[in-house]
file query.pdb (PDB, C-alpha atoms)
MODEL        1
ATOM      1  CA  MET J   1      33.109  19.452  37.932  1.00  0.00           C
ATOM      2  CA  LYS J   2      29.693  17.820  37.800  1.00  0.00           C
ATOM      3  CA  ARG J   3      27.975  15.946  40.583  1.00  0.00           C
ATOM      4  CA  THR J   4      27.289  12.238  40.804  1.00  0.00           C
ATOM      5  CA  SER J   5      23.678  11.093  40.481  1.00  0.00           C
ATOM      6  CA  VAL J   6      22.640   8.063  42.492  1.00  0.00           C
ATOM      7  CA  VAL J   7      19.309   6.289  41.954  1.00  0.00           C
ATOM      8  CA  GLN J   8      18.452   3.023  43.737  1.00  0.00           C
ATOM      9  CA  THR J   9      15.440   1.859  41.778  1.00  0.00           C
ATOM     10  CA  PHE J  10      14.215   3.132  38.423  1.00  0.00           C
ATOM     11  CA  HIS J  11      11.134   1.811  36.657  1.00  0.00           C
ATOM     12  CA  ALA J  12       9.800   3.090  33.325  1.00  0.00           C
ATOM     13  CA  GLU J  13       7.114   1.387  31.267  1.00  0.00           C
ATOM     14  CA  THR J  14       7.296   3.012  27.846  1.00  0.00           C
ATOM     15  CA  LEU J  15      10.047   4.737  25.870  1.00  0.00           C
ATOM     16  CA  ILE J  16       8.843   5.738  22.406  1.00  0.00           C
ATOM     17  CA  ILE J  17       9.033   8.193  19.464  1.00  0.00           C
ATOM     18  CA  SER J  18      12.644   9.452  19.432  1.00  0.00           C
ATOM     19  CA  SER J  19      13.015   9.684  23.183  1.00  0.00           C
ATOM     20  CA  VAL J  20      16.200   9.133  25.144  1.00  0.00           C
ATOM     21  CA  LEU J  21      16.780   7.332  28.421  1.00  0.00           C
ATOM     22  CA  GLN J  22      20.382   8.141  29.384  1.00  0.00           C
ATOM     23  CA  ILE J  23      21.873   6.553  32.463  1.00  0.00           C
ATOM     24  CA  GLY J  24      25.256   8.158  32.967  1.00  0.00           C
ATOM     25  CA  ASP J  25      26.864  11.392  31.881  1.00  0.00           C
ATOM     26  CA  SER J  26      26.721  12.783  28.388  1.00  0.00           C
ATOM     27  CA  GLU J  27      28.003  15.750  26.429  1.00  0.00           C
ATOM     28  CA  ARG J  28      25.088  16.552  24.152  1.00  0.00           C
ATOM     29  CA  ILE J  29      21.614  15.108  23.573  1.00  0.00           C
ATOM     30  CA  SER J  30      19.331  16.369  20.810  1.00  0.00           C
ATOM     31  CA  ALA J  31      15.982  14.856  19.818  1.00  0.00           C
ATOM     32  CA  ARG J  32      13.403  15.934  17.260  1.00  0.00           C
ATOM     33  CA  THR J  33       9.884  14.742  16.511  1.00  0.00           C
ATOM     34  CA  ARG J  34       7.415  15.618  13.783  1.00  0.00           C
ATOM     35  CA  ALA J  35       4.131  13.799  14.354  1.00  0.00           C
ATOM     36  CA  LEU J  36       0.926  13.819  12.354  1.00  0.00           C
ATOM     37  CA  ALA J  37      -1.675  12.502  14.799  1.00  0.00           C
ATOM     38  CA  VAL J  38      -4.790  11.476  12.876  1.00  0.00           C
ATOM     39  CA  GLN J  39      -7.708   9.985  14.850  1.00  0.00           C
ATOM     40  CA  ARG J  40     -10.269   8.535  12.505  1.00  0.00           C
ATOM     41  CA  GLN J  41     -13.575   7.083  13.671  1.00  0.00           C
ATOM     42  CA  TYR J  42     -13.135   4.056  11.385  1.00  0.00           C
ATOM     43  CA  GLU J  43      -9.913   2.315  10.440  1.00  0.00           C
ATOM     44  CA  LEU J  44      -9.500   3.572   6.862  1.00  0.00           C
ATOM     45  CA  PHE J  45      -6.119   3.983   5.254  1.00  0.00           C
ATOM     46  CA  PHE J  46      -5.657   5.758   1.930  1.00  0.00           C
ATOM     47  CA  GLY J  47      -2.022   4.975   1.279  1.00  0.00           C
ATOM     48  CA  ALA J  48       0.528   7.802   1.328  1.00  0.00           C
ATOM     49  CA  GLU J  49      -1.470  10.319   3.285  1.00  0.00           C
ATOM     50  CA  GLY J  50      -0.023  13.228   5.173  1.00  0.00           C
ATOM     51  CA  GLU J  51       2.968  13.474   2.853  1.00  0.00           C
ATOM     52  CA  GLN J  52       2.087  17.060   2.168  1.00  0.00           C
ATOM     53  CA  VAL J  53       3.865  19.720   4.193  1.00  0.00           C
ATOM     54  CA  PHE J  54       1.866  21.300   6.994  1.00  0.00           C
ATOM     55  CA  PRO J  55       3.153  24.725   8.136  1.00  0.00           C
ATOM     56  CA  ILE J  56       3.452  23.490  11.743  1.00  0.00           C
ATOM     57  CA  PHE J  57       6.369  21.280  10.648  1.00  0.00           C
ATOM     58  CA  THR J  58       8.287  24.071   8.930  1.00  0.00           C
ATOM     59  CA  LYS J  59       7.376  27.216  10.850  1.00  0.00           C
ATOM     60  CA  PRO J  60      10.492  28.380  12.720  1.00  0.00           C
ATOM     61  CA  ILE J  61      10.188  28.265  16.507  1.00  0.00           C
ATOM     62  CA  PRO J  62      11.594  31.431  18.118  1.00  0.00           C
ATOM     63  CA  ARG J  63      14.803  30.903  20.041  1.00  0.00           C
ATOM     64  CA  TRP J  64      16.716  32.937  22.613  1.00  0.00           C
ATOM     65  CA  LEU J  65      19.159  34.931  20.505  1.00  0.00           C
ATOM     66  CA  SER J  66      20.393  37.342  23.119  1.00  0.00           C
ATOM     67  CA  PRO J  67      23.745  36.109  24.450  1.00  0.00           C
ATOM     68  CA  PRO J  68      23.428  35.095  28.119  1.00  0.00           C
ATOM     69  CA  PRO J  69      24.495  37.838  30.550  1.00  0.00           C
ATOM     70  CA  ILE J  70      28.173  37.546  31.469  1.00  0.00           C
ATOM     71  CA  THR J  71      28.104  35.724  34.785  1.00  0.00           C
ATOM     72  CA  VAL J  72      31.020  34.604  36.871  1.00  0.00           C
ATOM     73  CA  ARG J  73      29.659  31.550  38.656  1.00  0.00           C
ATOM     74  CA  GLN J  74      31.695  29.655  41.120  1.00  0.00           C
ATOM     75  CA  THR J  75      30.310  26.249  42.047  1.00  0.00           C
ATOM     76  CA  ILE J  76      31.411  24.477  45.205  1.00  0.00           C
ATOM     77  CA  HIS J  77      30.161  20.911  45.663  1.00  0.00           C
ATOM     78  CA  GLU J  78      30.310  20.392  49.417  1.00  0.00           C
ATOM     79  CA  SER J  79      28.381  17.221  48.771  1.00  0.00           C
ATOM     80  CA  PRO J  80      28.940  16.018  45.186  1.00  0.00           C
ATOM     81  CA  VAL J  81      26.025  13.560  45.394  1.00  0.00           C
ATOM     82  CA  LEU J  82      22.498  13.946  44.005  1.00  0.00           C
ATOM     83  CA  SER J  83      20.549  10.966  45.259  1.00  0.00           C
ATOM     84  CA  VAL J  84      17.020   9.771  44.547  1.00  0.00           C
ATOM     85  CA  ARG J  85      15.877   6.486  46.122  1.00  0.00           C
ATOM     86  CA  ASP J  86      13.057   5.511  43.767  1.00  0.00           C
ATOM     87  CA  VAL J  87      11.895   6.789  40.366  1.00  0.00           C
ATOM     88  CA  ARG J  88       8.814   5.459  38.585  1.00  0.00           C
ATOM     89  CA  ILE J  89       7.781   6.818  35.159  1.00  0.00           C
ATOM     90  CA  LEU J  90       4.886   5.480  33.090  1.00  0.00           C
ATOM     91  CA  ALA J  91       5.643   6.978  29.686  1.00  0.00           C
ATOM     92  CA  ILE J  92       8.538   8.778  27.995  1.00  0.00           C
ATOM     93  CA  SER J  93       7.544   9.926  24.504  1.00  0.00           C
ATOM     94  CA  SER J  94       7.963  12.425  21.620  1.00  0.00           C
ATOM     95  CA  SER J  95      11.557  13.647  21.960  1.00  0.00           C
ATOM     96  CA  ALA J  96      11.558  13.434  25.716  1.00  0.00           C
ATOM     97  CA  VAL J  97      14.811  12.955  27.572  1.00  0.00           C
ATOM     98  CA  VAL J  98      15.228  11.220  30.924  1.00  0.00           C
ATOM     99  CA  GLN J  99      18.770  11.316  32.235  1.00  0.00           C
ATOM    100  CA  ILE J 100      20.372  10.083  35.432  1.00  0.00           C
ATOM    101  CA  GLY J 101      23.728  11.808  35.250  1.00  0.00           C
ATOM    102  CA  SER J 102      25.090  15.133  34.107  1.00  0.00           C
ATOM    103  CA  THR J 103      25.279  16.662  30.694  1.00  0.00           C
ATOM    104  CA  SER J 104      26.308  19.788  28.907  1.00  0.00           C
ATOM    105  CA  THR J 105      23.657  20.472  26.284  1.00  0.00           C
ATOM    106  CA  VAL J 106      20.128  19.136  25.884  1.00  0.00           C
ATOM    107  CA  GLU J 107      18.135  20.189  22.837  1.00  0.00           C
ATOM    108  CA  ALA J 108      14.695  18.774  22.048  1.00  0.00           C
ATOM    109  CA  GLU J 109      11.936  19.780  19.671  1.00  0.00           C
ATOM    110  CA  ALA J 110       8.512  18.221  19.118  1.00  0.00           C
ATOM    111  CA  ARG J 111       5.987  19.337  16.480  1.00  0.00           C
ATOM    112  CA  ILE J 112       2.583  17.610  16.483  1.00  0.00           C
ATOM    113  CA  LYS J 113      -0.327  18.155  14.102  1.00  0.00           C
ATOM    114  CA  HIS J 114      -3.648  16.775  15.355  1.00  0.00           C
ATOM    115  CA  ILE J 115      -6.480  15.843  12.967  1.00  0.00           C
ATOM    116  CA  ARG J 116      -9.772  14.284  14.035  1.00  0.00           C
ATOM    117  CA  GLU J 117     -12.136  12.680  11.539  1.00  0.00           C
ATOM    118  CA  LEU J 118     -15.664  11.684  12.498  1.00  0.00           C
ATOM    119  CA  ALA J 119     -18.250  10.117  10.240  1.00  0.00           C
ATOM    120  CA  ALA J 120     -21.106  12.368   9.193  1.00  0.00           C
ATOM    121  CA  PRO J 121     -24.335  11.388  10.974  1.00  0.00           C
ATOM    122  CA  GLU J 122     -26.698   9.340   8.705  1.00  0.00           C
ATOM    123  CA  LEU J 123     -29.374  11.523   7.066  1.00  0.00           C
ATOM    124  CA  GLY J 124     -32.646  11.258   8.907  1.00  0.00           C
ATOM    125  CA  ALA J 125     -30.862   9.520  11.804  1.00  0.00           C
TER     126      ALA J 125
ATOM    127  CA  MET S   1      26.810  39.168  37.740  1.00  0.00           C
ATOM    128  CA  ASN S   2      28.972  37.202  40.147  1.00  0.00           C
ATOM    129  CA  TYR S   3      27.544  34.468  42.323  1.00  0.00           C
ATOM    130  CA  THR S   4      28.676  31.338  44.084  1.00  0.00           C
ATOM    131  CA  VAL S   5      26.733  28.088  44.188  1.00  0.00           C
ATOM    132  CA  ILE S   6      27.318  25.795  47.160  1.00  0.00           C
ATOM    133  CA  ASN S   7      25.781  22.363  46.607  1.00  0.00           C
ATOM    134  CA  ARG S   8      25.051  20.433  49.756  1.00  0.00           C
ATOM    135  CA  ASP S   9      23.144  17.185  50.308  1.00  0.00           C
ATOM    136  CA  VAL S  10      20.224  16.588  47.974  1.00  0.00           C
ATOM    137  CA  HIS S  11      18.302  13.434  48.909  1.00  0.00           C
ATOM    138  CA  VAL S  12      14.931  12.803  47.323  1.00  0.00           C
ATOM    139  CA  GLY S  13      12.892   9.827  48.437  1.00  0.00           C
ATOM    140  CA  ALA S  14      10.511   8.839  45.658  1.00  0.00           C
ATOM    141  CA  ILE S  15       9.538  10.442  42.374  1.00  0.00           C
ATOM    142  CA  ARG S  16       6.371   9.288  40.552  1.00  0.00           C
ATOM    143  CA  LEU S  17       5.769  10.650  37.051  1.00  0.00           C
ATOM    144  CA  VAL S  18       2.889   9.730  34.765  1.00  0.00           C
ATOM    145  CA  ALA S  19       4.557  11.022  31.622  1.00  0.00           C
ATOM    146  CA  VAL S  20       7.584  12.904  30.346  1.00  0.00           C
ATOM    147  CA  THR S  21       6.579  13.873  26.826  1.00  0.00           C
ATOM    148  CA  SER S  22       6.735  16.439  23.984  1.00  0.00           C
ATOM    149  CA  ALA S  23      10.328  17.647  24.185  1.00  0.00           C
ATOM    150  CA  SER S  24      10.515  17.569  27.955  1.00  0.00           C
ATOM    151  CA  LEU S  25      13.469  16.773  30.160  1.00  0.00           C
ATOM    152  CA  PHE S  26      13.621  14.912  33.473  1.00  0.00           C
ATOM    153  CA  LEU S  27      17.161  15.269  34.729  1.00  0.00           C
ATOM    154  CA  ILE S  28      18.769  13.978  37.892  1.00  0.00           C
ATOM    155  CA  GLY S  29      22.093  15.754  37.484  1.00  0.00           C
ATOM    156  CA  ASP S  30      23.629  18.965  36.204  1.00  0.00           C
ATOM    157  CA  ALA S  31      23.374  20.620  32.822  1.00  0.00           C
ATOM    158  CA  ASP S  32      24.842  23.720  31.194  1.00  0.00           C
ATOM    159  CA  THR S  33      22.445  24.548  28.384  1.00  0.00           C
ATOM    160  CA  ILE S  34      18.906  23.270  27.964  1.00  0.00           C
ATOM    161  CA  HIS S  35      16.814  24.209  24.936  1.00  0.00           C
ATOM    162  CA  LEU S  36      13.337  22.654  24.661  1.00  0.00           C
ATOM    163  CA  ALA S  37      10.607  23.563  22.172  1.00  0.00           C
ATOM    164  CA  SER S  38       7.215  22.015  21.505  1.00  0.00           C
ATOM    165  CA  ALA S  39       4.511  23.101  19.089  1.00  0.00           C
ATOM    166  CA  PHE S  40       1.164  21.495  18.326  1.00  0.00           C
ATOM    167  CA  ASP S  41      -1.525  22.528  15.925  1.00  0.00           C
ATOM    168  CA  THR S  42      -5.237  21.766  16.294  1.00  0.00           C
ATOM    169  CA  PRO S  43      -7.061  24.370  14.181  1.00  0.00           C
ATOM    170  CA  PRO S  44     -10.858  24.239  13.923  1.00  0.00           C
ATOM    171  CA  GLU S  45     -10.591  22.671  10.487  1.00  0.00           C
ATOM    172  CA  SER S  46      -8.665  19.806  11.950  1.00  0.00           C
ATOM    173  CA  LEU S  47     -11.969  18.439  13.249  1.00  0.00           C
ATOM    174  CA  ILE S  48     -13.486  16.935  10.092  1.00  0.00           C
ATOM    175  CA  ILE S  49     -17.012  15.583  10.244  1.00  0.00           C
ATOM    176  CA  GLY S  50     -18.072  14.090   6.969  1.00  0.00           C
ATOM    177  CA  PRO S  51     -17.068  11.585   4.314  1.00  0.00           C
ATOM    178  CA  PHE S  52     -13.632  10.044   4.715  1.00  0.00           C
ATOM    179  CA  VAL S  53     -11.285  11.399   2.068  1.00  0.00           C
ATOM    180  CA  PRO S  54      -7.502  11.289   1.915  1.00  0.00           C
ATOM    181  CA  LEU S  55      -5.852  14.058   3.919  1.00  0.00           C
ATOM    182  CA  VAL S  56      -4.969  17.157   1.968  1.00  0.00           C
ATOM    183  CA  PRO S  57      -3.938  20.499   3.543  1.00  0.00           C
ATOM    184  CA  ALA S  58      -6.982  22.604   4.320  1.00  0.00           C
ATOM    185  CA  ARG S  59      -7.425  25.693   2.147  1.00  0.00           C
ATOM    186  CA  GLY S  60      -5.681  28.084   4.473  1.00  0.00           C
ATOM    187  CA  GLU S  61      -2.667  25.842   4.937  1.00  0.00           C
ATOM    188  CA  GLN S  62      -1.126  25.714   1.501  1.00  0.00           C
ATOM    189  CA  SER S  63       2.656  25.781   2.092  1.00  0.00           C
TER     190      SER S  63
ENDMDL
END
call {"tool": "encode", "arguments": {"input": "query.pdb", "output": "C-alpha coordinates"}}
result
Amino acid sequence: MKRTSVVQTFHAETLIISSVLQIGDSERISARTRALAVQRQYELFFGAEGEQVFPIFTKPIPRWLSPPPITVRQTIHESPVLSVRDVRILAISSSAVVQIGSTSTVEAEARIKHIRELAAPELGA
Amino acid sequence: MNYTVINRDVHVGAIRLVAVTSASLFLIGDADTIHLASAFDTPPESLIIGPFVPLVPARGEQS
(Lines of atoms letter the chains of each structure in order from A and count residues from 1; the text may use other names and numbers.)
(Lines give C-alpha, C1' and ligand atoms only; values in the text may rest on other atoms or scores of the structure.)
Protein backbone atom coordinates (compact mmCIF):
# COMPACT_ATOMS: atom_id res chain seq x y z
CA MET A 1 0.00 0.00 0.00
CA LYS A 2 1.57 3.30 -1.00
CA ARG A 3 1.28 6.58 0.83
CA THR A 4 -0.59 9.68 -0.25
CA SER A 5 1.47 12.71 -1.29
CA VAL A 6 0.04 16.12 -0.50
CA VAL A 7 1.51 19.34 -1.92
CA GLN A 8 -0.17 22.72 -1.41
CA THR A 9 1.65 24.87 -3.93
CA PHE A 10 3.87 23.72 -6.78
CA HIS A 11 5.61 26.07 -9.18
CA ALA A 12 7.91 25.00 -12.03
CA GLU A 13 9.15 27.28 -14.79
CA THR A 14 10.53 24.96 -17.45
CA LEU A 15 9.83 21.36 -18.47
CA ILE A 16 11.87 20.36 -21.51
CA ILE A 17 13.70 17.60 -23.45
CA SER A 18 11.77 14.39 -22.70
CA SER A 19 11.11 15.16 -19.07
CA VAL A 20 8.06 14.10 -17.09
CA LEU A 21 6.01 16.01 -14.54
CA GLN A 22 3.66 13.42 -13.01
CA ILE A 23 1.08 14.53 -10.49
CA GLY A 24 -0.53 11.39 -9.16
CA ASP A 25 0.46 7.76 -8.95
CA SER A 26 1.95 5.79 -11.79
CA GLU A 27 3.15 2.28 -12.53
CA ARG A 28 6.19 2.89 -14.70
CA ILE A 29 7.99 5.95 -16.06
CA SER A 30 10.91 5.68 -18.47
CA ALA A 31 12.63 8.58 -20.23
CA ARG A 32 15.63 8.69 -22.54
CA THR A 33 17.65 11.56 -23.99
CA ARG A 34 20.46 11.69 -26.51
CA ALA A 35 21.71 15.25 -26.90
CA LEU A 36 24.44 16.68 -29.09
CA ALA A 37 25.23 20.04 -27.49
CA VAL A 38 27.21 22.16 -29.94
CA GLN A 39 28.19 25.70 -28.87
CA ARG A 40 29.54 27.63 -31.80
CA GLN A 41 30.96 31.14 -31.51
CA TYR A 42 29.02 32.25 -34.61
CA GLU A 43 25.61 31.09 -35.75
CA LEU A 44 26.60 28.83 -38.65
CA PHE A 45 24.53 25.86 -39.69
CA PHE A 46 25.78 23.29 -42.19
CA GLY A 47 22.62 21.29 -42.69
CA ALA A 48 22.47 17.69 -41.46
CA GLU A 49 25.31 17.83 -39.00
CA GLY A 50 25.80 15.46 -36.12
CA GLU A 51 24.02 12.63 -37.92
CA GLN A 52 27.07 10.48 -37.48
CA VAL A 53 27.12 8.11 -34.53
CA PHE A 54 29.25 9.18 -31.58
CA PRO A 55 30.29 6.31 -29.25
CA ILE A 56 28.77 8.11 -26.24
CA PHE A 57 25.30 7.43 -27.70
CA THR A 58 25.87 3.71 -28.21
CA LYS A 59 28.29 2.70 -25.46
CA PRO A 60 26.40 0.47 -23.01
CA ILE A 61 26.02 1.92 -19.52
CA PRO A 62 26.74 -0.69 -16.83
CA ARG A 63 23.70 -1.79 -14.88
CA TRP A 64 23.18 -3.63 -11.60
CA LEU A 65 22.90 -7.26 -12.68
CA SER A 66 23.13 -8.92 -9.31
CA PRO A 67 19.61 -9.80 -8.13
CA PRO A 68 18.69 -7.75 -5.05
CA PRO A 69 19.28 -9.59 -1.76
CA ILE A 70 16.17 -11.47 -0.62
CA THR A 71 14.60 -9.12 1.89
CA VAL A 72 11.38 -9.56 3.77
CA ARG A 73 10.21 -5.99 4.31
CA GLN A 74 7.11 -5.21 6.20
CA THR A 75 5.86 -1.65 5.82
CA ILE A 76 3.45 -0.14 8.31
CA HIS A 77 2.07 3.30 7.45
CA GLU A 78 1.09 4.74 10.82
CA SER A 79 0.63 7.99 8.98
CA PRO A 80 -0.05 7.35 5.27
CA VAL A 81 0.56 11.01 4.37
CA LEU A 82 3.68 12.58 2.84
CA SER A 83 3.08 16.31 2.84
CA VAL A 84 5.10 19.19 1.43
CA ARG A 85 3.65 22.71 1.71
CA ASP A 86 5.50 24.47 -1.10
CA VAL A 87 7.68 23.27 -3.99
CA ARG A 88 9.42 25.63 -6.41
CA ILE A 89 11.55 24.27 -9.28
CA LEU A 90 13.19 26.43 -11.95
CA ALA A 91 14.05 23.83 -14.58
CA ILE A 92 13.24 20.18 -15.29
CA SER A 93 15.22 18.93 -18.29
CA SER A 94 16.90 16.01 -20.14
CA SER A 95 14.91 12.95 -19.06
CA ALA A 96 14.24 14.27 -15.60
CA VAL A 97 11.21 13.09 -13.69
CA VAL A 98 9.31 15.08 -11.07
CA GLN A 99 6.50 13.14 -9.45
CA ILE A 100 4.05 13.96 -6.70
CA GLY A 101 2.63 10.54 -5.97
CA SER A 102 3.87 6.99 -5.81
CA THR A 103 5.19 4.73 -8.50
CA SER A 104 6.65 1.33 -9.05
CA THR A 105 9.47 1.74 -11.55
CA VAL A 106 11.35 4.82 -12.72
CA GLU A 107 13.96 4.42 -15.43
CA ALA A 108 15.78 7.38 -16.98
CA GLU A 109 18.85 7.71 -19.16
CA ALA A 110 20.53 10.83 -20.53
CA ARG A 111 23.53 10.85 -22.90
CA ILE A 112 25.01 14.25 -23.80
CA LYS A 113 27.90 15.00 -26.15
CA HIS A 114 29.36 18.50 -25.76
CA ILE A 115 31.26 20.23 -28.59
CA ARG A 116 32.61 23.77 -28.43
CA GLU A 117 33.73 25.64 -31.54
CA LEU A 118 35.64 28.90 -31.31
CA ALA A 119 36.92 30.96 -34.21
CA ALA A 120 40.67 30.90 -34.74
CA PRO A 121 42.24 34.22 -33.71
CA GLU A 122 43.05 36.46 -36.75
CA LEU A 123 46.70 36.15 -37.84
CA GLY A 124 48.75 39.02 -36.52
CA ALA A 125 45.88 39.99 -34.19
CA MET B 1 17.35 -9.76 5.66
CA ASN B 2 14.12 -9.03 7.49
CA TYR B 3 13.15 -5.52 8.50
CA THR B 4 10.05 -3.52 9.24
CA VAL B 5 9.44 0.04 8.07
CA ILE B 6 7.12 2.19 10.17
CA ASN B 7 6.18 5.40 8.37
CA ARG B 8 5.06 8.20 10.62
CA ASP B 9 4.36 11.87 9.88
CA VAL B 10 6.52 13.44 7.20
CA HIS B 11 5.84 17.17 6.86
CA VAL B 12 8.22 19.29 4.82
CA GLY B 13 7.71 23.03 4.69
CA ALA B 14 9.28 24.38 1.51
CA ILE B 15 11.51 22.87 -1.14
CA ARG B 16 13.43 25.14 -3.55
CA LEU B 17 15.25 23.49 -6.45
CA VAL B 18 17.17 25.27 -9.19
CA ALA B 19 17.17 22.31 -11.55
CA VAL B 20 16.26 18.65 -11.83
CA THR B 21 18.14 17.52 -14.91
CA SER B 22 20.05 14.74 -16.73
CA ALA B 23 18.07 11.64 -15.78
CA SER B 24 17.35 12.76 -12.25
CA LEU B 25 14.29 12.10 -10.14
CA PHE B 26 12.52 14.33 -7.63
CA LEU B 27 9.88 12.20 -5.98
CA ILE B 28 7.39 13.05 -3.27
CA GLY B 29 6.06 9.54 -2.74
CA ASP B 30 7.12 5.91 -2.73
CA ALA B 31 8.85 3.86 -5.39
CA ASP B 32 9.94 0.24 -5.75
CA THR B 33 12.68 0.33 -8.36
CA ILE B 34 14.61 3.37 -9.53
CA HIS B 35 17.22 3.12 -12.27
CA LEU B 36 18.91 6.36 -13.39
CA ALA B 37 21.91 6.71 -15.70
CA SER B 38 23.59 9.76 -17.18
CA ALA B 39 26.67 9.99 -19.36
CA PHE B 40 28.30 13.03 -20.94
CA ASP B 41 31.33 13.29 -23.12
CA THR B 42 33.61 16.33 -23.40
CA PRO B 43 36.95 15.03 -24.71
CA PRO B 44 39.78 17.49 -25.37
CA GLU B 45 39.07 17.34 -29.09
CA SER B 46 35.58 18.55 -28.46
CA LEU B 47 37.03 22.04 -28.02
CA ILE B 48 37.67 23.08 -31.63
CA ILE B 49 39.46 26.35 -32.29
CA GLY B 50 39.78 27.05 -35.96
CA PRO B 51 37.80 27.32 -39.17
CA PHE B 52 34.16 26.31 -38.96
CA VAL B 53 33.62 23.02 -40.77
CA PRO B 54 30.70 20.61 -40.57
CA LEU B 55 30.93 18.24 -37.61
CA VAL B 56 32.51 14.90 -38.34
CA PRO B 57 33.63 12.40 -35.66
CA ALA B 58 37.17 13.13 -34.54
CA ARG B 59 39.78 10.58 -35.61
CA GLY B 60 39.65 8.52 -32.47
CA GLU B 61 35.87 8.28 -32.47
CA GLN B 62 35.11 6.31 -35.58
CA SER B 63 32.20 4.01 -34.63
call {"tool": "interface_residues", "arguments": {"input": "query.pdb", "of": "chain J", "to": "chain S", "cutoff": "7 Å", "atoms": "all atoms listed in the file", "output": "ChimeraX atom specification"}}
result
/J:2-3,5,46,49-50,53-56,70-79,81-120
call {"tool": "atom_distance", "arguments": {"input": "query.pdb", "atom1": "CA of Pro60 in chain J", "atom2": "CA of Ala48 in chain J"}}
result
25.5 Å
call {"tool": "atom_distance", "arguments": {"input": "query.pdb", "atom1": "CA of Glu13 in chain J", "atom2": "CA of Glu27 in chain J"}}
result
25.8 Å
call {"tool": "atom_distance", "arguments": {"input": "query.pdb", "atom1": "CA of Asp25 in chain J", "atom2": "CA of Ser66 in chain J"}}
result
28.1 Å
call {"tool": "build_atoms", "arguments": {"input": "query.pdb", "residues": "range 22-37 of chain S", "atoms": "N, CA and C atoms", "output": "PDB file, keeping the file's coordinate frame"}}
result
ATOM      1  N   SER S  22       6.689  15.220  24.803  1.00  0.00           N
ATOM      2  CA  SER S  22       6.735  16.439  23.984  1.00  0.00           C
ATOM      3  C   SER S  22       7.915  17.320  24.345  1.00  0.00           C
ATOM      4  N   ALA S  23       9.113  16.854  23.979  1.00  0.00           N
ATOM      5  CA  ALA S  23      10.328  17.647  24.185  1.00  0.00           C
ATOM      6  C   ALA S  23      10.459  18.119  25.622  1.00  0.00           C
ATOM      7  N   SER S  24      10.303  17.183  26.550  1.00  0.00           N
ATOM      8  CA  SER S  24      10.515  17.569  27.955  1.00  0.00           C
ATOM      9  C   SER S  24      11.742  16.836  28.473  1.00  0.00           C
ATOM     10  N   LEU S  25      12.247  17.341  29.601  1.00  0.00           N
ATOM     11  CA  LEU S  25      13.469  16.773  30.160  1.00  0.00           C
ATOM     12  C   LEU S  25      13.252  16.454  31.626  1.00  0.00           C
ATOM     13  N   PHE S  26      13.630  15.243  32.053  1.00  0.00           N
ATOM     14  CA  PHE S  26      13.621  14.912  33.473  1.00  0.00           C
ATOM     15  C   PHE S  26      15.072  14.553  33.794  1.00  0.00           C
ATOM     16  N   LEU S  27      15.721  15.430  34.534  1.00  0.00           N
ATOM     17  CA  LEU S  27      17.161  15.269  34.729  1.00  0.00           C
ATOM     18  C   LEU S  27      17.477  15.121  36.206  1.00  0.00           C
ATOM     19  N   ILE S  28      18.216  14.089  36.535  1.00  0.00           N
ATOM     20  CA  ILE S  28      18.769  13.978  37.892  1.00  0.00           C
ATOM     21  C   ILE S  28      20.258  14.182  37.703  1.00  0.00           C
ATOM     22  N   GLY S  29      20.685  15.465  37.758  1.00  0.00           N
ATOM     23  CA  GLY S  29      22.093  15.754  37.484  1.00  0.00           C
ATOM     24  C   GLY S  29      22.217  17.210  37.076  1.00  0.00           C
ATOM     25  N   ASP S  30      23.379  17.566  36.573  1.00  0.00           N
ATOM     26  CA  ASP S  30      23.629  18.965  36.204  1.00  0.00           C
ATOM     27  C   ASP S  30      23.586  19.112  34.696  1.00  0.00           C
ATOM     28  N   ALA S  31      23.335  20.338  34.262  1.00  0.00           N
ATOM     29  CA  ALA S  31      23.374  20.620  32.822  1.00  0.00           C
ATOM     30  C   ALA S  31      23.817  22.064  32.631  1.00  0.00           C
ATOM     31  N   ASP S  32      24.433  22.341  31.460  1.00  0.00           N
ATOM     32  CA  ASP S  32      24.842  23.720  31.194  1.00  0.00           C
ATOM     33  C   ASP S  32      23.782  24.437  30.398  1.00  0.00           C
ATOM     34  N   THR S  33      23.403  23.861  29.258  1.00  0.00           N
ATOM     35  CA  THR S  33      22.445  24.548  28.384  1.00  0.00           C
ATOM     36  C   THR S  33      21.295  23.611  28.087  1.00  0.00           C
ATOM     37  N   ILE S  34      20.079  24.092  28.269  1.00  0.00           N
ATOM     38  CA  ILE S  34      18.906  23.270  27.964  1.00  0.00           C
ATOM     39  C   ILE S  34      18.028  24.079  27.028  1.00  0.00           C
ATOM     40  N   HIS S  35      17.708  23.490  25.852  1.00  0.00           N
ATOM     41  CA  HIS S  35      16.814  24.209  24.936  1.00  0.00           C
ATOM     42  C   HIS S  35      15.693  23.251  24.526  1.00  0.00           C
ATOM     43  N   LEU S  36      14.471  23.535  24.956  1.00  0.00           N
ATOM     44  CA  LEU S  36      13.337  22.654  24.661  1.00  0.00           C
ATOM     45  C   LEU S  36      12.267  23.461  23.935  1.00  0.00           C
ATOM     46  N   ALA S  37      11.665  22.848  22.903  1.00  0.00           N
ATOM     47  CA  ALA S  37      10.607  23.563  22.172  1.00  0.00           C
ATOM     48  C   ALA S  37       9.550  22.548  21.750  1.00  0.00           C
TER      49      ALA S  37
END
